[in-house]
file coords_28.tsv (TSV, C-alpha atoms and all ligand atoms)
chain	number	residue	atom	x	y	z
A	213	MET	CA	-14.13	11.10	-13.67
A	214	LYS	CA	-13.58	11.04	-9.92
A	215	PHE	CA	-10.20	9.82	-8.67
A	216	ASP	CA	-10.78	6.29	-7.46
A	217	PRO	CA	-7.85	4.68	-5.59
A	218	ALA	CA	-9.66	1.35	-5.07
A	219	THR	CA	-10.43	0.90	-8.77
A	220	ASN	CA	-6.90	1.88	-9.67
A	221	ILE	CA	-5.66	-1.02	-7.55
A	222	GLN	CA	-8.27	-3.42	-8.94
A	223	ASP	CA	-7.19	-2.59	-12.49
A	224	LEU	CA	-3.53	-3.45	-11.90
A	225	LYS	CA	-2.30	-6.29	-14.08
A	226	GLN	CA	0.56	-7.65	-12.05
A	227	PHE	CA	1.29	-11.31	-12.49
A	228	GLY	CA	4.39	-13.45	-12.18
A	229	GLU	CA	6.75	-15.00	-14.67
A	230	PHE	CA	4.76	-18.27	-14.75
A	231	GLY	CA	1.39	-16.55	-14.93
A	232	ASP	CA	1.21	-16.76	-11.13
A	233	VAL	CA	-1.67	-14.48	-10.11
A	234	ASN	CA	0.36	-13.23	-7.18
A	235	PRO	CA	3.62	-11.95	-8.64
A	236	SER	CA	6.60	-14.17	-7.89
A	237	VAL	CA	8.78	-13.15	-4.97
A	238	THR	CA	12.23	-12.23	-6.18
A	239	ASP	CA	14.38	-13.73	-3.49
A	240	SER	CA	17.64	-12.25	-4.75
A	241	ALA	CA	20.01	-9.54	-3.68
A	242	THR	CA	21.81	-9.40	-7.02
A	243	TYR	CA	21.05	-10.03	-10.73
A	244	THR	CA	23.10	-11.51	-13.53
A	245	PHE	CA	23.67	-10.14	-17.03
A	246	MET	CA	24.54	-11.85	-20.32
A	247	GLN	CA	26.37	-8.76	-21.54
A	248	ALA	CA	28.72	-6.63	-19.45
A	249	LYS	CA	27.58	-3.47	-21.20
A	250	THR	CA	23.98	-4.01	-20.04
A	251	MET	CA	25.26	-4.02	-16.47
A	252	THR	CA	27.03	-0.69	-17.01
A	253	ASP	CA	23.91	0.76	-18.62
A	254	THR	CA	21.76	-0.45	-15.73
A	255	PHE	CA	24.13	1.22	-13.28
A	256	HIS	CA	23.54	4.49	-15.07
A	257	GLY	CA	19.78	3.98	-15.12
A	258	GLU	CA	19.72	3.43	-18.87
A	259	ALA	CA	18.55	-0.18	-19.18
A	260	GLU	CA	14.75	-0.26	-18.89
A	261	GLY	CA	13.42	-3.31	-17.04
A	262	CYS	CA	16.82	-4.51	-15.78
A	263	PHE	CA	17.58	-4.96	-12.10
A	264	LEU	CA	21.00	-4.51	-10.57
A	265	TYR	CA	20.99	-4.87	-6.81
A	266	SER	CA	18.09	-5.09	-4.36
A	267	ARG	CA	19.00	-2.05	-2.25
A	268	HIS	CA	18.25	-0.09	-5.43
A	269	TRP	CA	15.31	-2.02	-6.86
A	270	ASN	CA	13.88	-5.48	-6.43
A	271	PRO	CA	11.00	-6.66	-8.69
A	272	SER	CA	8.81	-7.56	-5.68
A	273	ASN	CA	9.35	-4.10	-4.23
A	274	LYS	CA	8.58	-2.58	-7.62
A	275	TYR	CA	5.20	-4.35	-7.80
A	276	LEU	CA	4.22	-2.92	-4.41
A	277	ALA	CA	5.65	0.53	-5.16
A	278	ASP	CA	3.80	0.65	-8.51
A	279	ALA	CA	0.56	-0.43	-6.83
A	280	LEU	CA	0.91	2.28	-4.17
A	281	ALA	CA	1.72	4.90	-6.82
A	282	SER	CA	-1.42	3.99	-8.74
A	283	MET	CA	-3.45	4.16	-5.53
A	284	GLU	CA	-2.09	7.66	-4.84
A	285	GLY	CA	-2.13	8.87	-8.43
A	286	THR	CA	1.60	9.63	-8.44
A	287	GLU	CA	4.06	8.68	-11.18
A	288	ALA	CA	6.21	6.54	-8.93
A	289	GLY	CA	6.78	5.03	-5.50
A	290	TRP	CA	9.52	3.41	-3.43
A	291	VAL	CA	9.05	1.11	-0.44
A	292	THR	CA	11.00	1.27	2.79
A	293	ALA	CA	11.66	-0.94	5.80
A	294	SER	CA	9.50	1.28	8.07
A	295	GLY	CA	7.35	4.37	8.04
A	296	MET	CA	10.20	6.27	9.71
A	297	GLY	CA	12.47	5.03	6.91
A	298	ALA	CA	10.11	6.66	4.40
A	299	ILE	CA	9.72	9.91	6.36
A	300	THR	CA	13.42	10.44	7.08
A	301	THR	CA	14.43	9.51	3.52
A	302	ALA	CA	11.91	11.93	2.01
A	303	ILE	CA	12.97	14.76	4.34
A	304	LEU	CA	16.69	14.22	3.81
A	305	GLY	CA	16.08	13.88	0.08
A	306	ILE	CA	14.66	17.42	0.01
A	307	CYS	CA	16.48	19.32	2.77
A	308	GLN	CA	20.10	19.95	3.49
A	309	SER	CA	22.11	21.86	6.04
A	310	GLY	CA	20.93	25.47	6.25
A	311	ASP	CA	17.36	24.71	5.18
A	312	HIS	CA	14.16	25.33	7.10
A	313	ILE	CA	11.02	23.18	7.50
A	314	ILE	CA	7.54	24.18	8.65
A	315	SER	CA	5.83	21.25	10.32
A	316	SER	CA	2.53	20.56	11.98
A	317	MET	CA	3.10	20.58	15.72
A	318	THR	CA	0.96	17.47	16.04
A	319	THR	CA	2.68	14.69	14.18
A	320	TYR	CA	3.61	11.13	14.98
A	321	GLY	CA	6.01	11.18	17.98
A	322	GLY	CA	8.92	9.67	16.04
A	323	THR	CA	8.58	12.30	13.32
A	324	PHE	CA	8.47	15.03	15.94
A	325	ALA	CA	11.58	13.65	17.65
A	326	PHE	CA	13.43	13.42	14.32
A	327	MET	CA	12.63	17.03	13.53
A	328	ASN	CA	13.09	18.42	17.01
A	329	ASN	CA	16.14	16.45	18.22
A	330	TRP	CA	17.94	14.99	15.22
A	331	LEU	CA	17.68	17.48	12.33
A	332	PRO	CA	19.21	20.39	14.34
A	333	ARG	CA	22.46	18.37	14.53
A	334	TYR	CA	22.68	18.84	10.78
A	335	ASN	CA	21.67	22.49	10.93
A	336	ILE	CA	18.17	21.93	9.55
A	337	GLU	CA	15.75	24.14	11.43
A	338	VAL	CA	12.08	23.29	12.04
A	339	THR	CA	9.25	25.63	13.02
A	340	PHE	CA	6.25	23.82	14.50
A	341	VAL	CA	2.87	25.41	13.84
A	342	ASP	CA	-0.81	24.69	14.29
A	343	ILE	CA	-1.32	23.33	10.77
A	344	THR	CA	-5.03	24.20	10.79
A	345	ASP	CA	-4.09	27.88	11.23
A	346	LEU	CA	-3.08	28.79	7.66
A	347	GLU	CA	-2.00	32.29	8.68
A	348	SER	CA	0.57	30.84	11.09
A	349	VAL	CA	1.87	28.65	8.24
A	350	ARG	CA	2.25	31.69	5.97
A	351	LYS	CA	3.93	33.69	8.73
A	352	ALA	CA	6.46	30.92	9.41
A	353	ILE	CA	7.87	30.99	5.86
A	354	LYS	CA	11.48	32.13	5.60
A	355	PRO	CA	13.72	32.59	2.55
A	356	ASN	CA	15.30	29.18	3.27
A	357	THR	CA	12.03	27.26	3.81
A	358	LYS	CA	12.14	24.12	1.68
A	359	MET	CA	9.27	22.07	3.01
A	360	ILE	CA	5.85	22.16	4.63
A	361	TYR	CA	5.31	18.85	6.42
A	362	THR	CA	2.01	17.58	7.75
A	363	GLU	CA	-0.22	14.56	8.26
A	364	ALA	CA	-3.53	14.53	6.35
A	365	MET	CA	-5.17	13.50	9.64
A	366	THR	CA	-2.77	14.23	12.48
A	367	ASN	CA	-1.61	11.78	15.09
A	368	PRO	CA	-3.01	11.72	17.75
A	369	LEU	CA	-5.30	14.77	17.76
A	370	LEU	CA	-7.06	13.89	14.47
A	371	GLN	CA	-6.82	17.44	13.14
A	372	ILE	CA	-7.40	17.69	9.39
A	373	SER	CA	-4.89	19.44	7.13
A	374	ASP	CA	-6.45	21.65	4.47
A	375	LEU	CA	-4.27	20.20	1.71
A	376	PRO	CA	-5.51	22.33	-1.23
A	377	GLU	CA	-4.82	25.52	0.78
A	378	LEU	CA	-1.46	24.29	2.09
A	379	SER	CA	-0.51	23.36	-1.47
A	380	LYS	CA	-1.36	26.88	-2.67
A	381	ILE	CA	0.85	28.38	0.03
A	382	ALA	CA	3.69	25.97	-0.78
A	383	LYS	CA	3.51	26.45	-4.56
A	384	SER	CA	3.50	30.25	-4.29
A	385	LYS	CA	6.95	30.09	-2.65
A	386	ASP	CA	8.39	27.06	-4.45
A	387	ILE	CA	8.23	24.99	-1.25
A	388	LYS	CA	7.58	21.22	-1.26
A	389	LEU	CA	4.47	19.91	0.48
A	390	VAL	CA	5.11	16.53	2.12
A	391	VAL	CA	2.10	14.68	3.57
A	392	ASP	CA	1.99	11.61	5.81
A	393	ASN	CA	-1.25	9.83	4.85
A	394	THR	CA	-0.92	6.89	7.26
A	395	PHE	CA	-4.31	7.51	8.97
A	396	THR	CA	-6.32	8.05	5.79
A	397	PRO	CA	-5.33	5.78	2.87
A	398	MET	CA	-8.12	5.66	0.22
A	399	ILE	CA	-10.00	8.36	2.15
A	400	VAL	CA	-7.60	11.14	1.17
A	401	ALA	CA	-5.40	11.28	-1.92
A	402	PRO	CA	-2.91	14.02	-0.95
A	403	ALA	CA	-1.14	14.13	-4.33
A	404	LYS	CA	-4.49	14.95	-5.96
A	405	TRP	CA	-4.67	17.99	-3.69
A	406	GLY	CA	-1.20	19.18	-4.57
A	407	ALA	CA	1.15	17.29	-2.25
A	408	ASP	CA	4.55	16.82	-3.87
A	409	VAL	CA	5.45	13.79	-1.78
A	410	VAL	CA	3.17	11.35	0.08
A	411	VAL	CA	4.69	9.18	2.81
A	412	TYR	CA	3.22	6.18	4.56
A	413	SER	CA	3.73	3.83	7.41
A	414	LEU	CA	2.46	0.67	5.69
A	415	THR	CA	2.58	-0.95	9.13
A	416	LYS	CA	-0.86	0.48	9.89
A	417	PHE	CA	-4.03	0.38	7.76
A	418	ILE	CA	-2.39	-0.52	4.45
A	419	ASN	CA	-0.97	-3.82	5.65
A	420	GLY	CA	-3.56	-4.09	8.41
A	421	LYS	CA	-2.21	-7.30	9.95
A	422	ASN	CA	0.39	-6.05	12.44
A	423	ASP	CA	2.81	-8.71	11.20
A	424	CYS	CA	5.51	-6.34	9.97
A	425	VAL	CA	6.85	-2.80	9.87
A	426	ALA	CA	7.12	-1.08	6.47
A	427	GLY	CA	6.80	2.27	4.71
A	428	ALA	CA	6.48	3.97	1.35
A	429	ILE	CA	7.19	7.20	-0.52
A	430	CYS	CA	4.96	8.18	-3.46
A	431	ALA	CA	6.00	11.08	-5.70
A	432	SER	CA	7.10	12.08	-9.20
A	433	ASN	CA	9.48	9.95	-11.25
A	434	GLU	CA	12.02	12.70	-10.88
A	435	PHE	CA	11.91	12.68	-7.07
A	436	ILE	CA	11.93	8.88	-6.72
A	437	ASN	CA	14.81	8.61	-9.18
A	438	SER	CA	16.71	11.26	-7.23
A	439	LEU	CA	16.31	9.16	-4.06
A	440	ILE	CA	17.78	6.05	-5.68
A	441	ASP	CA	20.57	7.74	-7.61
A	442	VAL	CA	23.71	5.65	-7.08
A	443	ASN	CA	25.88	8.72	-6.55
A	444	ASP	CA	23.87	10.87	-4.17
A	445	GLY	CA	20.43	9.33	-3.65
A	446	THR	CA	19.31	9.36	0.00
A	447	ALA	CA	17.52	6.00	-0.25
A	448	MET	CA	20.36	4.37	-2.17
A	449	LEU	CA	23.03	5.60	0.25
A	450	LEU	CA	21.23	5.30	3.60
A	451	GLY	CA	19.73	1.97	2.52
A	452	PRO	CA	16.31	1.73	4.28
A	453	VAL	CA	15.04	-0.81	1.72
A	454	LEU	CA	12.10	-3.16	2.38
A	455	ASP	CA	12.56	-6.92	2.34
A	456	PRO	CA	10.93	-8.33	-0.85
A	457	MET	CA	9.20	-11.14	1.09
A	458	ARG	CA	7.35	-8.43	2.98
A	459	SER	CA	6.54	-6.46	-0.16
A	460	SER	CA	4.86	-9.54	-1.50
A	461	SER	CA	2.70	-10.07	1.60
A	462	ILE	CA	1.80	-6.36	1.89
A	463	LEU	CA	0.76	-6.26	-1.79
A	464	LYS	CA	-1.83	-8.98	-1.18
A	465	ASN	CA	-3.21	-7.08	1.81
A	466	LEU	CA	-3.40	-3.86	-0.23
A	467	HIS	CA	-6.09	-5.50	-2.38
A	468	THR	CA	-8.54	-5.65	0.55
A	469	LEU	CA	-7.76	-2.17	1.88
A	470	HIS	CA	-10.87	-0.54	0.37
A	471	ILE	CA	-13.22	-2.99	2.12
A	472	ARG	CA	-11.35	-2.69	5.41
A	473	MET	CA	-11.36	1.12	5.35
A	474	LYS	CA	-15.15	1.14	4.88
A	475	GLN	CA	-15.63	-1.16	7.87
A	476	HIS	CA	-13.14	0.73	10.09
A	477	SER	CA	-15.00	3.97	9.27
A	478	TYR	CA	-18.44	2.46	9.76
A	479	ASN	CA	-17.51	1.06	13.15
A	480	ALA	CA	-15.77	4.26	14.28
A	481	MET	CA	-18.79	6.37	13.29
A	482	TYR	CA	-21.06	3.99	15.18
A	483	LEU	CA	-18.95	4.23	18.33
A	484	ALA	CA	-18.57	8.01	18.00
A	485	GLU	CA	-22.35	8.42	17.99
A	486	LYS	CA	-22.61	6.24	21.09
A	487	PHE	CA	-19.81	8.20	22.78
A	488	LYS	CA	-21.66	11.43	22.08
A	489	ALA	CA	-24.93	10.16	23.46
A	490	TYR	CA	-23.04	8.90	26.53
A	491	GLY	CA	-21.52	12.35	27.03
A	492	LEU	CA	-17.83	11.46	26.56
A	493	LYS	CA	-15.34	14.13	25.52
A	494	PHE	CA	-13.77	12.94	22.27
A	495	ARG	CA	-12.71	13.84	18.76
A	496	TYR	CA	-13.88	12.09	15.63
A	497	PRO	CA	-13.74	13.99	12.32
A	498	GLY	CA	-16.94	12.27	11.23
A	499	MET	CA	-18.98	14.24	13.79
A	500	PRO	CA	-20.53	17.38	12.26
A	501	ASP	CA	-19.34	19.48	15.23
A	502	ASP	CA	-15.72	18.30	14.98
A	503	PRO	CA	-13.37	21.18	14.02
A	504	GLY	CA	-11.96	19.16	11.09
A	505	HIS	CA	-15.27	17.88	9.76
A	506	GLU	CA	-15.84	20.36	6.94
A	507	THR	CA	-12.22	20.23	5.78
A	508	LEU	CA	-12.24	16.45	5.68
A	509	LYS	CA	-15.54	16.48	3.78
A	510	LYS	CA	-13.94	18.74	1.21
A	511	ILE	CA	-10.93	16.47	0.56
A	512	MET	CA	-12.23	12.95	1.26
A	513	HIS	CA	-13.47	10.24	-1.03
A	514	PRO	CA	-17.04	9.76	0.24
A	515	ASP	CA	-17.05	5.97	-0.23
A	516	PHE	CA	-14.54	5.33	2.56
A	517	GLY	CA	-15.96	7.32	5.45
A	518	PHE	CA	-14.18	9.43	8.06
A	519	GLY	CA	-11.60	6.88	9.13
A	520	GLY	CA	-11.08	4.42	11.93
A	521	MET	CA	-9.45	6.65	14.57
A	522	ILE	CA	-11.17	8.20	17.60
A	523	ALA	CA	-9.47	10.15	20.40
A	524	ILE	CA	-11.27	10.09	23.77
A	525	ASP	CA	-10.23	12.56	26.44
A	526	MET	CA	-10.37	10.92	29.88
A	527	GLU	CA	-8.68	14.06	31.34
A	528	THR	CA	-6.20	12.29	33.63
A	529	VAL	CA	-3.61	9.56	33.09
A	530	ASP	CA	-5.18	7.62	35.91
A	531	GLN	CA	-8.65	7.58	34.34
A	532	ALA	CA	-7.17	6.72	30.94
A	533	ASN	CA	-5.21	3.80	32.39
A	534	LYS	CA	-8.20	2.49	34.30
A	535	LEU	CA	-10.40	2.60	31.20
A	536	MET	CA	-7.77	0.86	29.06
A	537	GLU	CA	-7.23	-1.90	31.61
A	538	LYS	CA	-10.98	-2.49	31.89
A	539	MET	CA	-11.36	-2.63	28.13
A	540	GLU	CA	-8.52	-5.13	27.89
A	541	LEU	CA	-10.31	-7.35	30.43
A	542	GLU	CA	-13.65	-6.95	28.62
A	543	ASP	CA	-12.01	-7.98	25.32
A	544	VAL	CA	-12.81	-4.71	23.57
A	545	GLY	CA	-9.41	-5.11	21.93
A	546	TYR	CA	-5.80	-4.74	22.99
A	547	LEU	CA	-3.98	-2.11	25.00
A	548	ALA	CA	-1.24	-1.62	22.44
A	549	VAL	CA	0.37	1.07	20.32
A	550	SER	CA	-0.04	1.03	16.53
A	551	LEU	CA	-3.28	1.19	14.57
A	552	GLY	CA	-5.14	0.02	11.50
A	553	TYR	CA	-5.35	-3.53	12.81
A	554	PHE	CA	-8.37	-5.86	12.49
A	555	LYS	CA	-8.77	-5.73	16.28
A	556	THR	CA	-9.40	-2.52	18.18
A	557	LEU	CA	-6.20	-1.09	19.69
A	558	PHE	CA	-6.02	1.64	22.30
A	559	SER	CA	-3.23	3.51	24.01
A	560	ASN	CA	-2.61	6.69	25.95
A	561	SER	CA	-0.82	8.84	23.36
A	562	GLY	CA	0.90	11.24	25.76
A	563	LYS	CA	2.57	8.34	27.57
A	564	SER	CA	3.31	6.19	24.51
A	565	THR	CA	3.45	7.13	20.81
A	566	SER	CA	3.69	10.86	21.53
A	567	SER	CA	5.86	10.57	24.64
A	568	GLU	CA	8.76	11.96	22.57
A	569	VAL	CA	6.90	15.28	22.56
A	570	PRO	CA	7.92	17.29	25.67
A	571	GLU	CA	5.07	17.85	28.13
A	572	GLU	CA	4.91	21.61	27.64
A	573	ILE	CA	4.51	21.11	23.88
A	574	GLN	CA	1.88	18.43	24.49
A	575	LYS	CA	-0.02	21.07	26.48
A	576	LYS	CA	0.49	23.71	23.81
A	577	MET	CA	-0.93	21.49	21.09
A	578	GLY	CA	-3.89	20.56	23.26
A	579	LEU	CA	-2.85	16.95	23.87
A	580	SER	CA	-4.57	15.94	27.11
A	581	GLU	CA	-2.63	13.63	29.40
A	582	GLY	CA	-5.78	11.48	29.51
A	583	LEU	CA	-6.11	11.07	25.74
A	584	VAL	CA	-6.95	7.51	24.76
A	585	ARG	CA	-6.40	6.93	21.06
A	586	PHE	CA	-8.67	4.28	19.61
A	587	SER	CA	-7.99	2.46	16.39
A	588	VAL	CA	-11.37	0.87	15.82
A	589	GLY	CA	-11.22	-2.70	14.51
A	590	LEU	CA	-13.21	-4.61	11.92
A	591	ASP	CA	-15.72	-5.99	14.47
A	592	HIS	CA	-18.77	-7.52	12.83
A	593	ASP	CA	-21.10	-6.72	15.74
A	594	ILE	CA	-20.06	-3.22	16.79
A	595	GLU	CA	-23.06	-2.78	19.12
A	596	ARG	CA	-21.66	-5.67	21.17
A	597	THR	CA	-18.31	-3.86	21.28
A	598	TRP	CA	-20.04	-0.67	22.45
A	599	GLN	CA	-21.74	-2.61	25.25
A	600	LYS	CA	-18.31	-3.81	26.40
A	601	ILE	CA	-16.89	-0.27	26.30
A	602	LYS	CA	-19.95	1.00	28.18
A	603	LYS	CA	-19.50	-1.67	30.84
A	604	SER	CA	-15.83	-0.63	31.17
A	605	LEU	CA	-16.83	3.03	31.55
A	606	GLU	CA	-19.51	2.24	34.12
A	607	THR	CA	-17.17	0.22	36.32
A	608	LEU	CA	-14.29	2.74	36.37
A	701	LIG	C1	3.38	4.64	12.97
A	701	LIG	C2	3.48	5.92	12.27
A	701	LIG	C3	4.67	6.32	11.66
A	701	LIG	C4	5.93	5.50	11.77
A	701	LIG	O1	5.83	4.32	11.06
A	701	LIG	P1	6.70	3.00	11.40
A	701	LIG	O2	6.22	2.05	10.36
A	701	LIG	O3	6.37	2.61	12.79
A	701	LIG	O4	8.13	3.38	11.24
A	701	LIG	C5	4.68	7.51	10.97
A	701	LIG	N1	3.58	8.28	10.87
A	701	LIG	C6	2.41	7.95	11.45
A	701	LIG	C7	1.25	8.85	11.30
A	701	LIG	C8	2.32	6.76	12.17
A	701	LIG	O5	1.16	6.45	12.76

call {"tool": "encode", "arguments": {"input": "coords_28.tsv", "output": "C-alpha cells"}}
result
Amino acid sequence: MKFDPATNIQDLKQFGEFGDVNPSVTDSATYTFMQAKTMTDTFHGEAEGCFLYSRHWNPSNKYLADALASMEGTEAGWVTASGMGAITTAILGICQSGDHIISSMTTYGGTFAFMNNWLPRYNIEVTFVDITDLESVRKAIKPNTKMIYTEAMTNPLLQISDLPELSKIAKSKDIKLVVDNTFTPMIVAPAKWGADVVVYSLTKFINGKNDCVAGAICASNEFINSLIDVNDGTAMLLGPVLDPMRSSSILKNLHTLHIRMKQHSYNAMYLAEKFKAYGLKFRYPGMPDDPGHETLKKIMHPDFGFGGMIAIDMETVDQANKLMEKMELEDVGYLAVSLGYFKTLFSNSGKSTSSEVPEEIQKKMGLSEGLVRFSVGLDHDIERTWQKIKKSLETL
C-alpha cells in the first residue's frame, strides 16, 4: 500500500480526558506523583505514560509530535519553539567538535548562517555543495563526515534533492541524512526515502495561519530519546521546547493540511502556466522543463501536486521591488517574508530571508538579486489573482 500521510493523520485517535474531541491542553509545567518511586522511575525514563516536567514532555506536545511522526512515517517526533530550534537541536544532537557536515549550498538563510558563522566556533566544519550534483556530494565526504544536510525542496531556488540517492550515499559511509521538509509536507515523505531525521518549520505550511513560530523533529525513538535525555540530551539541556497552547492550535491546523496543500499546488501550477505564456523567467518544479521536475515526480505523492512555491527572476533588485510594491497595491497578497499562508506572500530572497548568505555565494548558487519568491495562497479565483499580477507587470 502506498504511504499516505493524510490518511495517517485522519486515522489518529487522539481525544482528551473528558472525551473532548480536541485533546485537552495541558497547561502545566510540572506533574505530581502519588508515589515518590514513580517520580524517580520517570526521571530515568522507566515509567510509561508518566510526565515529569514540560521542558522534557508535555501531553499536548506529545499529541502534536505523535501526529507529525505518523504523518512522516517515523517512530517518534519532538516539537520545538521554532524551525531553527528544530534544526539546531537536530544538528547539535548528531555533531560534535571535530565533525564535518556536507550541506546543500541553497538552504534557508538562518540555517546557512548557523552552519557558516556559528558552527565553526565549536570546530564543526561545513562543506557547501550543489546538492543536485551527487558527484560533488560524494567527493565532499571526509573520514569525519557525520551528516548530509539538505532541504527536500530548497529555499529559495526550489531545487529538488534526490533523497533516495542521497540516502544511498549517506548509508554507504554511515553518515546521517537530515532533511528539512518545510516546503513540501505531504508532498514528500523524506523518511520513506531514507532520511534519518526530518526537520520542520511548522510556522509555514503545516500551521498555515502565520499566528505563531514553531518547529519539529521527526526520527527514530532512539534519536528522539537521545535528544531528551536528562543527562546529555541536546533538546533537554538547550530547552527549545514549544508552548503547549501552541501545540494544541497547530494540531488542529494539521488536520486540514492535505486540503490546503492541494489548493496551494493547484494555484501555483495555474500561475506558473500563465507566467510561462507571459514569458517570465521563473522556476516551478511542476513545469516539465524545470531541472527538478523529474526528481520531484519520482519522490512525490501525486495527490498533493508540486507545491505552492514559485521563484520569479526579475533580474534586478529594482525591478523586483517595483513588482512587489505594485502587487501589494493590487491586493495580490502581502509583501512579507514567510510562506505557506492562506494569502499569497512575496519577498525578494536575496535581500530578506537569504540575506545572511554573502553576495558572492548568492551568485555562486545562482540566486539572482531580482528573485521574487512567491508563496501562492489559497485563492478561490486564481484567474482573478493572475489578472492582478499581470496588471502589476504591465504597469512596471
Ligand atoms: C522558515 C524556515 C526555517 C526556519 O523556521 P522558523 O520557524 O522561522 O524558525 C527553516 N527552514 C526553512 C526551509 C524555512 O522556510

call {"tool": "closest_residue", "arguments": {"input": "coords_28.tsv", "among": "A:Pro503, A:Gly520, A:Gly231, A:Pro514", "to": "His476 in chain A", "atoms": "only C-alpha atoms"}}
result
A:Gly520

call {"tool": "closest_residue", "arguments": {"input": "coords_28.tsv", "among": "A:Arg495, A:His470, A:Lys214, A:Lys538", "to": "Gly517 in chain A", "atoms": "all atoms listed in the file"}}
result
A:His470

call {"tool": "atom_distance", "arguments": {"input": "coords_28.tsv", "atom1": "CA of His256 in chain A", "atom2": "CA of Pro456 in chain A"}}
result
22.9 Å

call {"tool": "closest_atom_pairs", "arguments": {"input": "coords_28.tsv", "of": "chain A", "to": "ligand LIG 701 (chain A)", "cutoff": "10 Å", "atoms": "only C-alpha atoms and all ligand atoms", "output": "Markdown table"}}
result
| residue | atom | partner | partner_atom | distance |
| --- | --- | --- | --- | --- |
| A:Thr292 | CA | A:LIG701 | O2 | 9.0 |
| A:Ala293 | CA | A:LIG701 | O2 | 7.7 |
| A:Ser294 | CA | A:LIG701 | O4 | 4.0 |
| A:Gly295 | CA | A:LIG701 | O1 | 3.4 |
| A:Met296 | CA | A:LIG701 | O4 | 3.9 |
| A:Gly297 | CA | A:LIG701 | O4 | 6.3 |
| A:Ala298 | CA | A:LIG701 | O4 | 7.8 |
| A:Ile299 | CA | A:LIG701 | C5 | 7.2 |
| A:Thr300 | CA | A:LIG701 | O4 | 9.8 |
| A:Thr318 | CA | A:LIG701 | C7 | 9.8 |
| A:Thr319 | CA | A:LIG701 | C7 | 6.7 |
| A:Tyr320 | CA | A:LIG701 | C6 | 4.9 |
| A:Gly321 | CA | A:LIG701 | C5 | 8.0 |
| A:Gly322 | CA | A:LIG701 | C4 | 6.7 |
| A:Thr323 | CA | A:LIG701 | C5 | 6.6 |
| A:Phe324 | CA | A:LIG701 | N1 | 9.8 |
| A:Thr362 | CA | A:LIG701 | C7 | 9.5 |
| A:Glu363 | CA | A:LIG701 | C7 | 6.6 |
| A:Ala364 | CA | A:LIG701 | C7 | 8.9 |
| A:Met365 | CA | A:LIG701 | C7 | 8.1 |
| A:Thr366 | CA | A:LIG701 | C7 | 6.8 |
| A:Asn367 | CA | A:LIG701 | C7 | 5.6 |
| A:Pro368 | CA | A:LIG701 | C7 | 8.2 |
| A:Val391 | CA | A:LIG701 | C7 | 9.7 |
| A:Asp392 | CA | A:LIG701 | C7 | 6.2 |
| A:Asn393 | CA | A:LIG701 | C7 | 7.0 |
| A:Thr394 | CA | A:LIG701 | C7 | 5.0 |
| A:Phe395 | CA | A:LIG701 | C7 | 6.2 |
| A:Thr396 | CA | A:LIG701 | C7 | 9.4 |
| A:Val411 | CA | A:LIG701 | N1 | 8.2 |
| A:Tyr412 | CA | A:LIG701 | N1 | 6.7 |
| A:Ser413 | CA | A:LIG701 | O1 | 4.2 |
| A:Leu414 | CA | A:LIG701 | O2 | 6.2 |
| A:Thr415 | CA | A:LIG701 | O2 | 4.9 |
| A:Lys416 | CA | A:LIG701 | C1 | 6.7 |
| A:Phe417 | CA | A:LIG701 | O5 | 9.4 |
| A:Cys424 | CA | A:LIG701 | O2 | 8.4 |
| A:Val425 | CA | A:LIG701 | O2 | 4.9 |
| A:Ala426 | CA | A:LIG701 | O2 | 5.1 |
| A:Gly427 | CA | A:LIG701 | O2 | 5.7 |
| A:Ala428 | CA | A:LIG701 | O2 | 9.2 |
| A:Val549 | CA | A:LIG701 | C1 | 8.7 |
| A:Ser550 | CA | A:LIG701 | C1 | 6.1 |
| A:Leu551 | CA | A:LIG701 | O5 | 7.1 |
| A:Gly552 | CA | A:LIG701 | O5 | 9.1 |
| A:Thr565 | CA | A:LIG701 | C1 | 8.2 |

call {"tool": "atom_distance", "arguments": {"input": "coords_28.tsv", "atom1": "CA of Met577 in chain A", "atom2": "CA of Glu527 in chain A"}}
result
14.8 Å

call {"tool": "closest_residue", "arguments": {"input": "coords_28.tsv", "among": "A:His467, A:Lys404, A:Lys474, A:Lys358", "to": "Ala382 in chain A", "atoms": "only C-alpha atoms"}}
result
A:Lys358
